[in-house]
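Novice: File follows, coords_33.cif with mmCIF, C-alpha atoms:
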data_data
loop_
_atom_site.group_PDB
_atom_site.id
_atom_site.type_symbol
_atom_site.label_atom_id
_atom_site.label_comp_id
_atom_site.auth_asym_id
_atom_site.auth_seq_id
_atom_site.Cartn_x
_atom_site.Cartn_y
_atom_site.Cartn_z
ATOM 1 C CA MET M 198 16.088 -2.282 31.952
ATOM 2 C CA LEU M 199 16.913 -0.562 28.668
ATOM 3 C CA ARG M 200 17.917 -3.901 27.178
ATOM 4 C CA VAL M 201 14.573 -5.462 28.147
ATOM 5 C CA GLY M 202 12.716 -2.526 26.589
ATOM 6 C CA GLY M 203 14.690 -2.921 23.364
ATOM 7 C CA VAL M 204 13.946 -6.644 23.225
ATOM 8 C CA LEU M 205 10.236 -6.023 23.859
ATOM 9 C CA LEU M 206 10.160 -3.352 21.158
ATOM 10 C CA ALA M 207 11.889 -5.671 18.664
ATOM 11 C CA LEU M 208 9.472 -8.494 19.542
ATOM 12 C CA ALA M 209 6.473 -6.195 19.147
ATOM 13 C CA LEU M 210 7.716 -5.040 15.725
ATOM 14 C CA TYR M 211 8.368 -8.636 14.682
ATOM 15 C CA ILE M 212 4.816 -9.656 15.599
ATOM 16 C CA TRP M 213 3.369 -6.538 13.956
ATOM 17 C CA PHE M 214 5.215 -7.273 10.685
ATOM 18 C CA ILE M 215 3.918 -10.857 10.638
ATOM 19 C CA VAL M 216 0.342 -9.790 11.362
ATOM 20 C CA ASP M 217 0.555 -7.044 8.739
ATOM 21 C CA VAL M 218 1.704 -9.504 6.067
ATOM 22 C CA LEU M 219 -1.064 -11.939 7.011
ATOM 23 C CA ARG M 220 -3.811 -9.295 6.973
ATOM 24 C CA THR M 221 -2.804 -7.723 3.652
ATOM 25 C CA PRO M 222 -4.913 -8.991 0.718
ATOM 26 C CA ARG M 223 -2.914 -11.097 -1.710
ATOM 27 C CA VAL M 224 -3.758 -8.898 -4.709
ATOM 28 C CA ASP M 225 -2.409 -5.756 -2.995
ATOM 29 C CA VAL M 226 1.063 -7.112 -2.180
ATOM 30 C CA ARG M 227 3.869 -5.590 -4.248
ATOM 31 C CA THR M 228 7.142 -7.000 -5.617
ATOM 32 C CA LEU M 229 6.953 -10.631 -4.391
ATOM 33 C CA PRO M 230 4.145 -13.101 -3.684
ATOM 34 C CA LYS M 231 2.591 -12.901 -0.238
ATOM 35 C CA PHE M 232 3.896 -16.269 0.986
ATOM 36 C CA VAL M 233 7.485 -15.240 0.070
ATOM 37 C CA TRP M 234 7.079 -12.057 2.113
ATOM 38 C CA LEU M 235 5.794 -14.094 5.036
ATOM 39 C CA ILE M 236 8.793 -16.439 4.852
ATOM 40 C CA LEU M 237 11.195 -13.469 4.673
ATOM 41 C CA VAL M 238 9.591 -11.743 7.649
ATOM 42 C CA VAL M 239 9.625 -14.928 9.745
ATOM 43 C CA LEU M 240 13.165 -16.055 8.856
ATOM 44 C CA ILE M 241 14.871 -12.639 8.904
ATOM 45 C CA PRO M 242 12.987 -10.974 11.767
ATOM 46 C CA LEU M 243 13.668 -7.237 11.661
ATOM 47 C CA LEU M 244 15.350 -6.896 8.268
ATOM 48 C CA GLY M 245 12.579 -8.895 6.571
ATOM 49 C CA GLY M 246 9.989 -6.682 8.242
ATOM 50 C CA VAL M 247 11.708 -3.498 7.137
ATOM 51 C CA LEU M 248 11.953 -4.852 3.582
ATOM 52 C CA TRP M 249 8.242 -5.717 3.711
ATOM 53 C CA PHE M 250 7.412 -2.230 4.887
ATOM 54 C CA VAL M 251 9.473 -0.589 2.129
ATOM 55 C CA ALA M 252 8.959 -2.883 -0.874
ATOM 56 C CA GLY M 253 6.041 -5.235 -0.274
ATOM 57 C CA ARG M 254 3.357 -3.383 1.595
ATOM 58 C CA PRO M 255 0.592 -1.773 -0.505
ATOM 59 C CA ARG M 256 0.902 1.932 -1.087
ATOM 60 C CA PRO M 257 -1.653 4.106 0.683
ATOM 61 C CA GLN M 258 -4.624 5.166 -1.434
ATOM 62 C CA ARG M 259 -4.645 8.803 -0.339
ATOM 63 C CA PRO M 260 -3.993 11.468 -2.975
ATOM 64 C CA ARG M 261 -0.524 12.970 -3.129
ATOM 65 C CA PHE M 262 0.161 16.651 -2.574
ATOM 66 C CA GLY M 263 -0.409 18.752 -5.650
ATOM 67 C CA ARG M 264 -2.953 16.366 -7.153
ATOM 68 C CA ARG M 265 -6.585 17.123 -6.721
ATOM 69 C CA ARG M 266 -9.224 14.474 -6.967
ATOM 70 C CA PRO M 267 -12.100 15.353 -9.250
ATOM 71 C CA ARG M 268 -15.074 16.062 -7.053
ATOM 72 C CA GLY M 269 -18.624 15.364 -7.988
ATOM 73 C CA PRO M 270 -21.561 17.623 -7.310
ATOM 74 C CA VAL M 271 -22.109 18.433 -3.662
ATOM 75 C CA ALA M 272 -25.844 19.102 -3.861
ATOM 76 C CA PRO M 273 -28.529 18.247 -6.430
ATOM 77 C CA ASP M 274 -28.702 21.839 -7.641
ATOM 78 C CA ASP M 275 -24.968 21.671 -8.481
ATOM 79 C CA ASP M 276 -25.421 18.609 -10.682
ATOM 80 C CA PRO M 277 -25.766 19.613 -14.366
ATOM 81 C CA ASN M 278 -27.679 16.421 -15.202
ATOM 82 C CA PHE M 279 -30.214 17.106 -12.457
ATOM 83 C CA LEU M 280 -30.673 20.697 -13.612
ATOM 84 C CA ARG M 281 -31.053 19.566 -17.246
ATOM 85 C CA LYS M 282 -33.699 17.034 -16.216
ATOM 86 C CA ILE M 283 -35.663 19.701 -14.326
ATOM 87 C CA ASP M 284 -35.468 22.043 -17.338
ATOM 88 C CA GLN M 285 -36.741 19.310 -19.655
ATOM 89 C CA GLU M 286 -39.609 18.440 -17.302
ATOM 90 C CA THR M 287 -40.568 22.106 -16.959
ATOM 91 C CA TRP M 288 -40.462 22.607 -20.721
ATOM 92 C CA SER M 289 -42.536 19.443 -21.310
ATOM 93 C CA GLU M 290 -45.149 20.579 -18.782
ATOM 94 C CA ARG M 291 -45.322 24.060 -20.351
ATOM 95 C CA MET M 292 -45.829 22.538 -23.822
ATOM 96 C CA ARG M 293 -48.608 20.261 -22.511
ATOM 97 C CA ARG M 294 -50.420 23.256 -21.055
ATOM 98 C CA ARG M 295 -50.088 25.238 -24.290
ATOM 99 C CA ARG M 296 -51.578 22.409 -26.300
ATOM 100 C CA GLY M 297 -54.486 22.334 -23.913
ATOM 101 C CA GLY M 298 -54.287 18.744 -22.819
ATOM 102 C CA GLY M 299 -52.785 16.771 -19.989
ATOM 103 C CA ALA M 300 -52.811 19.495 -17.358
ATOM 104 C CA ASP M 301 -54.617 18.601 -14.159
ATOM 105 C CA PRO M 302 -57.177 21.363 -13.388
ATOM 106 C CA ALA M 303 -56.853 20.727 -9.653
ATOM 107 C CA ALA M 304 -53.092 21.401 -9.771
ATOM 108 C CA SER M 305 -53.530 24.997 -11.061
#
Let's see the structure in the file written out as structure tokens.
Specialist:
Amino acid sequence: MLRVGGVLLALALYIWFIVDVLRTPRVDVRTLPKFVWLILVVLIPLLGGVLWFVAGRPRPQRPRFGRRRPRGPVAPDDDPNFLRKIDQETWSERMRRRRGGGADPAAS
């Protein structure tokens, strides 16, 4: 029974390696061209798959420990450009009122 489980596990890994090579975009594959990786995985079942996993598969895009991604503003009032725009609009409106033109009497 243990032997059958081992064979099924090896077969499942073999199929998973093939599917993983096929589903990986060509531009993301490392070290060798995609079709060479596919040939290696098919002809050398488990060793080819392990080599694919170590040397050919794309690296994950998550940030590594110790590196922090620069974060953008969380809310509009945290965004310096938004705040600058509001200040400019407020200043422009105040200047229009001082000059006596452009202010809507119904808005006051």
Novice: Applied to this file, what does the PyMOL selection byres ((chain M and resi 220-236) around 9) return in terms of residues, put as a ChimeraX atom specification?
Specialist: /M:214-219,237-241,245-246,248-249,252-256
Novice: Measure the distance from atom CA of Met292 of chain M to atom CA of Asp274 of chain M in Å and round it to one decimal.
Specialist: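 Taking atom CA of Met292 of chain M and atom CA of Asp274 of chain M, their separation equals 23.6 Å.
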Novice: Kindly indicate which residue among M:Ser289, M:Pro273, M:Trp213, M:Gly297 lies nearest to Phe250 of chain M, using all atoms listed in the file for the distances.
Specialist: M:Trp213
Novice: Between atom CA of Glu290 of chain M and atom CA of Asn278 of chain M, measure the distance and give it in Å to one decimal.
Specialist: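 Answer for the atom CA of Glu290 of chain M to atom CA of Asn278 of chain M separation: 18.3 Å.
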Novice: Quick one, how far is atom CA of Ile212 of chain M from atom CA of Val247 of chain M?
Specialist: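 If I compute the distance from atom CA of Ile212 of chain M to atom CA of Val247 of chain M, I get 12.5 Å.
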Novice: Can you tell me which residues surround segment 206-208 of chain M at a distance of at most 10 Å, considering all atoms listed in the file, apart from same-chain residues fewer than 6 positions away, and format the answer as a PyMOL selection string?
Specialist: chain M and resi 200+214+242-243
